[in-house]
file query_38.cif (mmCIF, C-alpha atoms)
data_upload
loop_
_atom_site.group_PDB
_atom_site.id
_atom_site.type_symbol
_atom_site.label_atom_id
_atom_site.label_comp_id
_atom_site.auth_asym_id
_atom_site.auth_seq_id
_atom_site.Cartn_x
_atom_site.Cartn_y
_atom_site.Cartn_z
ATOM 1 C CA MET F 1 -79.653 0.629 -31.137
ATOM 2 C CA SER F 2 -79.803 -2.941 -32.397
ATOM 3 C CA HIS F 3 -80.151 -4.856 -35.630
ATOM 4 C CA SER F 4 -80.761 -8.312 -37.030
ATOM 5 C CA VAL F 5 -79.603 -9.879 -40.281
ATOM 6 C CA ALA F 6 -79.386 -13.343 -41.874
ATOM 7 C CA ILE F 7 -76.106 -14.699 -43.220
ATOM 8 C CA LYS F 8 -75.563 -17.695 -45.489
ATOM 9 C CA THR F 9 -72.413 -19.240 -44.097
ATOM 10 C CA GLN F 10 -69.602 -19.974 -46.535
ATOM 11 C CA ILE F 11 -66.692 -22.101 -45.394
ATOM 12 C CA LYS F 12 -63.667 -19.921 -46.117
ATOM 13 C CA ASP F 13 -61.495 -20.309 -42.998
ATOM 14 C CA ILE F 14 -59.649 -23.595 -43.409
ATOM 15 C CA SER F 15 -58.020 -23.385 -39.977
ATOM 16 C CA CYS F 16 -61.407 -23.132 -38.316
ATOM 17 C CA LEU F 17 -62.773 -25.956 -40.473
ATOM 18 C CA LEU F 18 -59.918 -28.355 -39.737
ATOM 19 C CA SER F 19 -60.226 -27.649 -36.019
ATOM 20 C CA GLN F 20 -63.826 -28.903 -36.144
ATOM 21 C CA PHE F 21 -62.678 -32.304 -37.378
ATOM 22 C CA GLU F 22 -59.766 -32.490 -34.972
ATOM 23 C CA ALA F 23 -62.040 -31.664 -32.036
ATOM 24 C CA ARG F 24 -64.019 -34.785 -32.968
ATOM 25 C CA ASN F 25 -60.882 -36.961 -33.216
ATOM 26 C CA TRP F 26 -60.791 -36.949 -37.017
ATOM 27 C CA GLN F 27 -57.115 -36.601 -37.975
ATOM 28 C CA ILE F 28 -56.109 -34.409 -40.903
ATOM 29 C CA LYS F 29 -53.808 -35.511 -43.735
ATOM 30 C CA ASP F 30 -52.378 -33.231 -46.436
ATOM 31 C CA ASN F 31 -52.492 -34.171 -50.119
ATOM 32 C CA ALA F 32 -54.026 -37.572 -49.556
ATOM 33 C CA LYS F 33 -56.661 -39.925 -50.927
ATOM 34 C CA CYS F 34 -59.998 -40.726 -49.272
ATOM 35 C CA ARG F 35 -61.247 -44.144 -48.338
ATOM 36 C CA THR F 36 -64.502 -44.507 -50.226
ATOM 37 C CA TYR F 37 -66.494 -47.271 -51.903
ATOM 38 C CA PRO F 38 -64.088 -49.797 -53.500
ATOM 39 C CA SER F 39 -65.398 -49.360 -57.046
ATOM 40 C CA ASP F 40 -65.569 -45.564 -56.756
ATOM 41 C CA PRO F 41 -63.100 -43.928 -59.164
ATOM 42 C CA ALA F 42 -62.938 -40.991 -56.735
ATOM 43 C CA ARG F 43 -60.679 -43.200 -54.582
ATOM 44 C CA GLU F 44 -57.788 -42.140 -56.769
ATOM 45 C CA LYS F 45 -58.355 -38.403 -56.398
ATOM 46 C CA VAL F 46 -55.823 -36.575 -54.235
ATOM 47 C CA HIS F 47 -57.447 -33.986 -51.976
ATOM 48 C CA THR F 48 -55.807 -30.929 -50.450
ATOM 49 C CA PHE F 49 -56.827 -32.213 -47.024
ATOM 50 C CA VAL F 50 -58.441 -35.461 -45.904
ATOM 51 C CA ALA F 51 -60.318 -35.828 -42.622
ATOM 52 C CA VAL F 52 -59.670 -39.416 -41.568
ATOM 53 C CA ASN F 53 -62.608 -41.290 -40.087
ATOM 54 C CA PRO F 54 -61.643 -42.501 -36.596
ATOM 55 C CA ALA F 55 -64.115 -45.434 -36.667
ATOM 56 C CA THR F 56 -62.372 -48.769 -36.290
ATOM 57 C CA SER F 57 -65.181 -51.242 -36.957
ATOM 58 C CA GLY F 58 -67.757 -51.607 -39.685
ATOM 59 C CA PRO F 59 -67.648 -52.425 -43.392
ATOM 60 C CA HIS F 60 -67.903 -48.912 -44.805
ATOM 61 C CA ILE F 61 -65.519 -46.571 -43.022
ATOM 62 C CA PHE F 62 -65.038 -43.646 -45.359
ATOM 63 C CA ASP F 63 -63.136 -40.348 -45.137
ATOM 64 C CA ILE F 64 -63.881 -36.767 -46.192
ATOM 65 C CA GLY F 65 -61.882 -34.860 -48.785
ATOM 66 C CA LEU F 66 -61.577 -31.071 -48.533
ATOM 67 C CA ASN F 67 -60.760 -28.914 -51.534
ATOM 68 C CA GLU F 68 -60.716 -25.179 -52.120
ATOM 69 C CA GLN F 69 -62.996 -23.870 -54.861
ATOM 70 C CA GLN F 70 -62.262 -21.026 -57.251
ATOM 71 C CA ASP F 71 -64.337 -18.643 -55.122
ATOM 72 C CA GLY F 72 -62.228 -19.351 -52.036
ATOM 73 C CA THR F 73 -64.755 -21.564 -50.276
ATOM 74 C CA TRP F 74 -64.014 -25.147 -49.251
ATOM 75 C CA SER F 75 -66.056 -28.124 -50.419
ATOM 76 C CA PHE F 76 -66.562 -31.589 -48.941
ATOM 77 C CA THR F 77 -66.184 -34.779 -50.963
ATOM 78 C CA TYR F 78 -67.313 -38.028 -49.373
ATOM 79 C CA ASP F 79 -69.423 -41.138 -49.771
ATOM 80 C CA PRO F 80 -72.298 -41.224 -47.246
ATOM 81 C CA TYR F 81 -72.987 -44.902 -47.937
ATOM 82 C CA GLY F 82 -73.275 -46.990 -44.772
ATOM 83 C CA GLY F 83 -73.648 -43.982 -42.488
ATOM 84 C CA SER F 84 -70.144 -44.070 -41.017
ATOM 85 C CA ILE F 85 -69.821 -40.330 -41.588
ATOM 86 C CA HIS F 86 -73.316 -39.047 -40.870
ATOM 87 C CA ASN F 87 -73.604 -41.203 -37.750
ATOM 88 C CA GLN F 88 -70.688 -39.307 -36.259
ATOM 89 C CA LEU F 89 -70.988 -35.841 -37.760
ATOM 90 C CA GLY F 90 -74.736 -35.464 -38.361
ATOM 91 C CA ASN F 91 -76.750 -35.417 -41.547
ATOM 92 C CA ASP F 92 -75.018 -33.368 -44.203
ATOM 93 C CA LEU F 93 -72.133 -32.824 -41.749
ATOM 94 C CA SER F 94 -74.334 -30.607 -39.600
ATOM 95 C CA GLN F 95 -72.041 -30.857 -36.562
ATOM 96 C CA ILE F 96 -69.093 -29.645 -38.599
ATOM 97 C CA LYS F 97 -70.986 -26.802 -40.288
ATOM 98 C CA GLN F 98 -72.677 -25.616 -37.111
ATOM 99 C CA GLY F 99 -69.495 -25.943 -35.059
ATOM 100 C CA TYR F 100 -67.601 -24.010 -37.717
ATOM 101 C CA ALA F 101 -70.020 -21.072 -37.571
ATOM 102 C CA VAL F 102 -70.050 -20.945 -33.758
ATOM 103 C CA ASP F 103 -66.261 -21.142 -33.548
ATOM 104 C CA LEU F 104 -65.777 -18.546 -36.275
ATOM 105 C CA VAL F 105 -68.013 -16.061 -34.457
ATOM 106 C CA LYS F 106 -65.948 -16.551 -31.292
ATOM 107 C CA ARG F 107 -62.670 -16.140 -33.186
ATOM 108 C CA GLN F 108 -63.841 -12.927 -34.805
ATOM 109 C CA LEU F 109 -65.132 -11.441 -31.562
ATOM 110 C CA ALA F 110 -61.852 -12.374 -29.847
ATOM 111 C CA MET F 111 -60.054 -10.142 -32.372
ATOM 112 C CA SER F 112 -62.277 -7.183 -31.490
ATOM 113 C CA GLY F 113 -60.270 -6.359 -28.383
ATOM 114 C CA GLU F 114 -63.192 -7.113 -26.056
ATOM 115 C CA TYR F 115 -63.222 -10.213 -23.847
ATOM 116 C CA TYR F 116 -66.493 -12.083 -24.338
ATOM 117 C CA ASN F 117 -68.125 -14.811 -22.289
ATOM 118 C CA TYR F 118 -70.431 -17.197 -24.109
ATOM 119 C CA THR F 119 -73.548 -19.172 -23.365
ATOM 120 C CA GLU F 120 -75.102 -21.636 -25.804
ATOM 121 C CA GLN F 121 -78.710 -22.796 -25.787
ATOM 122 C CA VAL F 122 -79.734 -25.645 -28.094
ATOM 123 C CA LEU F 123 -83.325 -25.386 -29.336
ATOM 124 C CA ALA F 124 -85.576 -28.326 -30.201
ATOM 125 C CA ASP F 125 -84.794 -28.005 -33.908
ATOM 126 C CA GLY F 126 -81.060 -28.132 -33.240
ATOM 127 C CA THR F 127 -80.472 -24.413 -33.668
ATOM 128 C CA ILE F 128 -77.889 -22.985 -31.260
ATOM 129 C CA HIS F 129 -78.580 -19.619 -29.689
ATOM 130 C CA LEU F 130 -75.171 -18.165 -28.927
ATOM 131 C CA THR F 131 -75.015 -15.230 -26.530
ATOM 132 C CA ALA F 132 -71.752 -13.282 -26.294
ATOM 133 C CA THR F 133 -71.399 -10.926 -23.341
ATOM 134 C CA ALA F 134 -68.620 -8.423 -22.605
ATOM 135 C CA ASN F 135 -68.320 -6.052 -19.654
ATOM 136 C CA MET J 136 -72.489 -4.571 -20.518
ATOM 137 C CA LYS J 137 -72.475 -5.495 -24.218
ATOM 138 C CA THR J 138 -74.404 -8.457 -25.594
ATOM 139 C CA ILE J 139 -74.631 -10.031 -29.047
ATOM 140 C CA LYS J 140 -77.150 -12.790 -29.750
ATOM 141 C CA ILE J 141 -76.678 -15.053 -32.762
ATOM 142 C CA ALA J 142 -78.644 -18.102 -33.968
ATOM 143 C CA VAL J 143 -76.707 -20.872 -35.750
ATOM 144 C CA SER J 144 -78.851 -23.436 -37.526
ATOM 145 C CA PRO J 145 -77.801 -27.076 -38.027
ATOM 146 C CA ASP J 146 -76.818 -26.306 -41.630
ATOM 147 C CA GLY J 147 -74.382 -23.683 -40.344
ATOM 148 C CA ASN J 148 -76.336 -20.683 -41.563
ATOM 149 C CA THR J 149 -76.570 -17.850 -39.083
ATOM 150 C CA LYS J 150 -78.726 -14.951 -38.036
ATOM 151 C CA ILE J 151 -77.705 -12.068 -35.853
ATOM 152 C CA LEU J 152 -80.698 -11.739 -33.554
ATOM 153 C CA GLY J 153 -79.795 -8.505 -31.831
ATOM 154 C CA LEU J 154 -77.322 -6.493 -29.787
ATOM 155 C CA GLU J 155 -77.391 -4.518 -26.569
ATOM 156 C CA GLY J 156 -75.033 -1.898 -25.199
ATOM 157 C CA PHE J 157 -73.267 -0.855 -28.398
ATOM 158 C CA GLY J 158 -75.166 2.385 -28.963
ATOM 159 C CA ASP J 159 -74.671 3.775 -32.446
ATOM 160 C CA GLN J 160 -71.729 1.387 -33.012
ATOM 161 C CA CYS J 161 -73.930 -1.687 -33.305
ATOM 162 C CA MET J 162 -73.443 -2.075 -37.062
ATOM 163 C CA ASN J 163 -69.661 -1.889 -36.681
ATOM 164 C CA ALA J 164 -69.746 -4.374 -33.805
ATOM 165 C CA THR J 165 -70.847 -7.248 -36.040
ATOM 166 C CA LYS J 166 -69.287 -6.168 -39.334
ATOM 167 C CA SER J 167 -66.219 -8.428 -39.115
ATOM 168 C CA VAL J 168 -68.345 -11.371 -37.951
ATOM 169 C CA GLU J 169 -70.722 -10.925 -40.870
ATOM 170 C CA GLN J 170 -67.896 -10.697 -43.399
ATOM 171 C CA ALA J 171 -66.115 -13.751 -42.000
ATOM 172 C CA LEU J 172 -69.234 -15.900 -41.999
ATOM 173 C CA GLY J 173 -70.148 -15.418 -45.639
ATOM 174 C CA MET J 174 -72.942 -13.926 -47.706
ATOM 175 C CA VAL J 175 -74.960 -11.334 -45.838
ATOM 176 C CA ASP J 176 -78.575 -11.130 -46.979
ATOM 177 C CA GLU J 177 -79.053 -7.377 -46.754
ATOM 178 C CA SER J 178 -82.747 -7.739 -47.595
ATOM 179 C CA THR J 179 -83.222 -9.243 -44.116
ATOM 180 C CA ARG J 180 -81.410 -6.512 -42.196
ATOM 181 C CA MET J 181 -83.644 -4.769 -39.694
ATOM 182 C CA THR J 182 -82.799 -2.045 -37.199
ATOM 183 C CA THR J 183 -84.313 -1.567 -33.747
ATOM 184 C CA ASN J 184 -87.393 0.315 -34.850
ATOM 185 C CA GLU J 185 -88.139 -2.152 -37.640
ATOM 186 C CA ILE J 186 -87.770 -5.108 -35.268
ATOM 187 C CA TYR J 187 -90.116 -3.369 -32.810
ATOM 188 C CA GLU J 188 -92.686 -2.602 -35.495
ATOM 189 C CA SER J 189 -92.493 -6.161 -36.849
ATOM 190 C CA THR J 190 -93.140 -7.522 -33.358
ATOM 191 C CA ILE J 191 -96.141 -5.236 -32.935
ATOM 192 C CA GLU J 192 -97.526 -6.352 -36.300
ATOM 193 C CA LYS J 193 -97.227 -10.016 -35.295
ATOM 194 C CA HIS J 194 -99.071 -9.294 -32.062
ATOM 195 C CA LEU J 195 -101.832 -7.504 -33.961
ATOM 196 C CA GLU J 196 -102.196 -10.438 -36.370
ATOM 197 C CA HIS J 197 -103.007 -12.830 -33.503
#

call {"tool": "encode", "arguments": {"input": "query_38.cif", "output": "structure tokens"}}
result
Amino acid sequence: MSHSVAIKTQIKDISCLLSQFEARNWQIKDNAKCRTYPSDPAREKVHTFVAVNPATSGPHIFDIGLNEQQDGTWSFTYDPYGGSIHNQLGNDLSQIKQGYAVDLVKRQLAMSGEYYNYTEQVLADGTIHLTATAN
Amino acid sequence: MKTIKIAVSPDGNTKILGLEGFGDQCMNATKSVEQALGMVDESTRMTTNEIYESTIEKHLEH
């Protein structure tokens, strides 16, 4: 027997989310402010976590603030101006969101008691086909 | 051997494509994964026979 089903991913596992940034050399700060556009009043907001942009050159190196919402999901706050974020993490943070989902699947399956091996195939549209196999 | 196939789109949304080797435990096999990922769209859930019939329909359309 088999089944298929679609799932709209919600970012609820902060450990898994932070690990996506750290794997890409973005350091994490607690209770910190983001670098954003100089006249942006959001510069003064303190975020629960800040992913610090590792870029060292360029005029618009901005960070990403992470805050938990009332429904338990985590939101991103950042200024995309200049491309210093999207150039590294993909449009709309696609690398982070996709990496989060792949990693979360692996973490959940690891808790099942079975030992899985994984293969990943990247399709032309960027979709990853993840195959988990256990003996 | 047990196999689970999952598609993860660039926006992070996911689709369980199918399972092999779980027998009648296939729904339980992905339950924790589904719950951890987020909002399951139950209107899209299809079981083996439905997937098979859908594939046949697509073939007949062409």

call {"tool": "interface_residues", "arguments": {"input": "query_38.cif", "of": "chain F", "to": "chain J", "cutoff": "7 Å", "atoms": "all atoms listed in the file", "output": "VMD selection string"}}
result
chain F and resid 1 to 10 94 97 to 98 101 to 102 105 108 126 to 135

call {"tool": "atom_distance", "arguments": {"input": "query_38.cif", "atom1": "atom CA of Cys34 of chain F", "atom2": "atom CA of Asp63 of chain F"}}
result
5.2 Å

call {"tool": "atom_distance", "arguments": {"input": "query_38.cif", "atom1": "atom CA of Ser75 of chain F", "atom2": "atom CA of Asn91 of chain F"}}
result
15.7 Å

call {"tool": "atom_distance", "arguments": {"input": "query_38.cif", "atom1": "atom CA of Ile11 of chain F", "atom2": "atom CA of Asp125 of chain F"}}
result
22.2 Å

call {"tool": "resolve_selection", "arguments": {"input": "query_38.cif", "expression": "the PyMOL selection byres ((chain F and resi 46) around 6)", "output": "PyMOL selection string"}}
result
chain F and resi 31-33+45+47

call {"tool": "residues_around", "arguments": {"input": "query_38.cif", "residues": "Gly99 of chain F", "least_positions_apart": "4", "cutoff": "7 Å", "atoms": "only C-alpha atoms", "output": "number ranges by chain"}}
result
F: 20, 95, 103
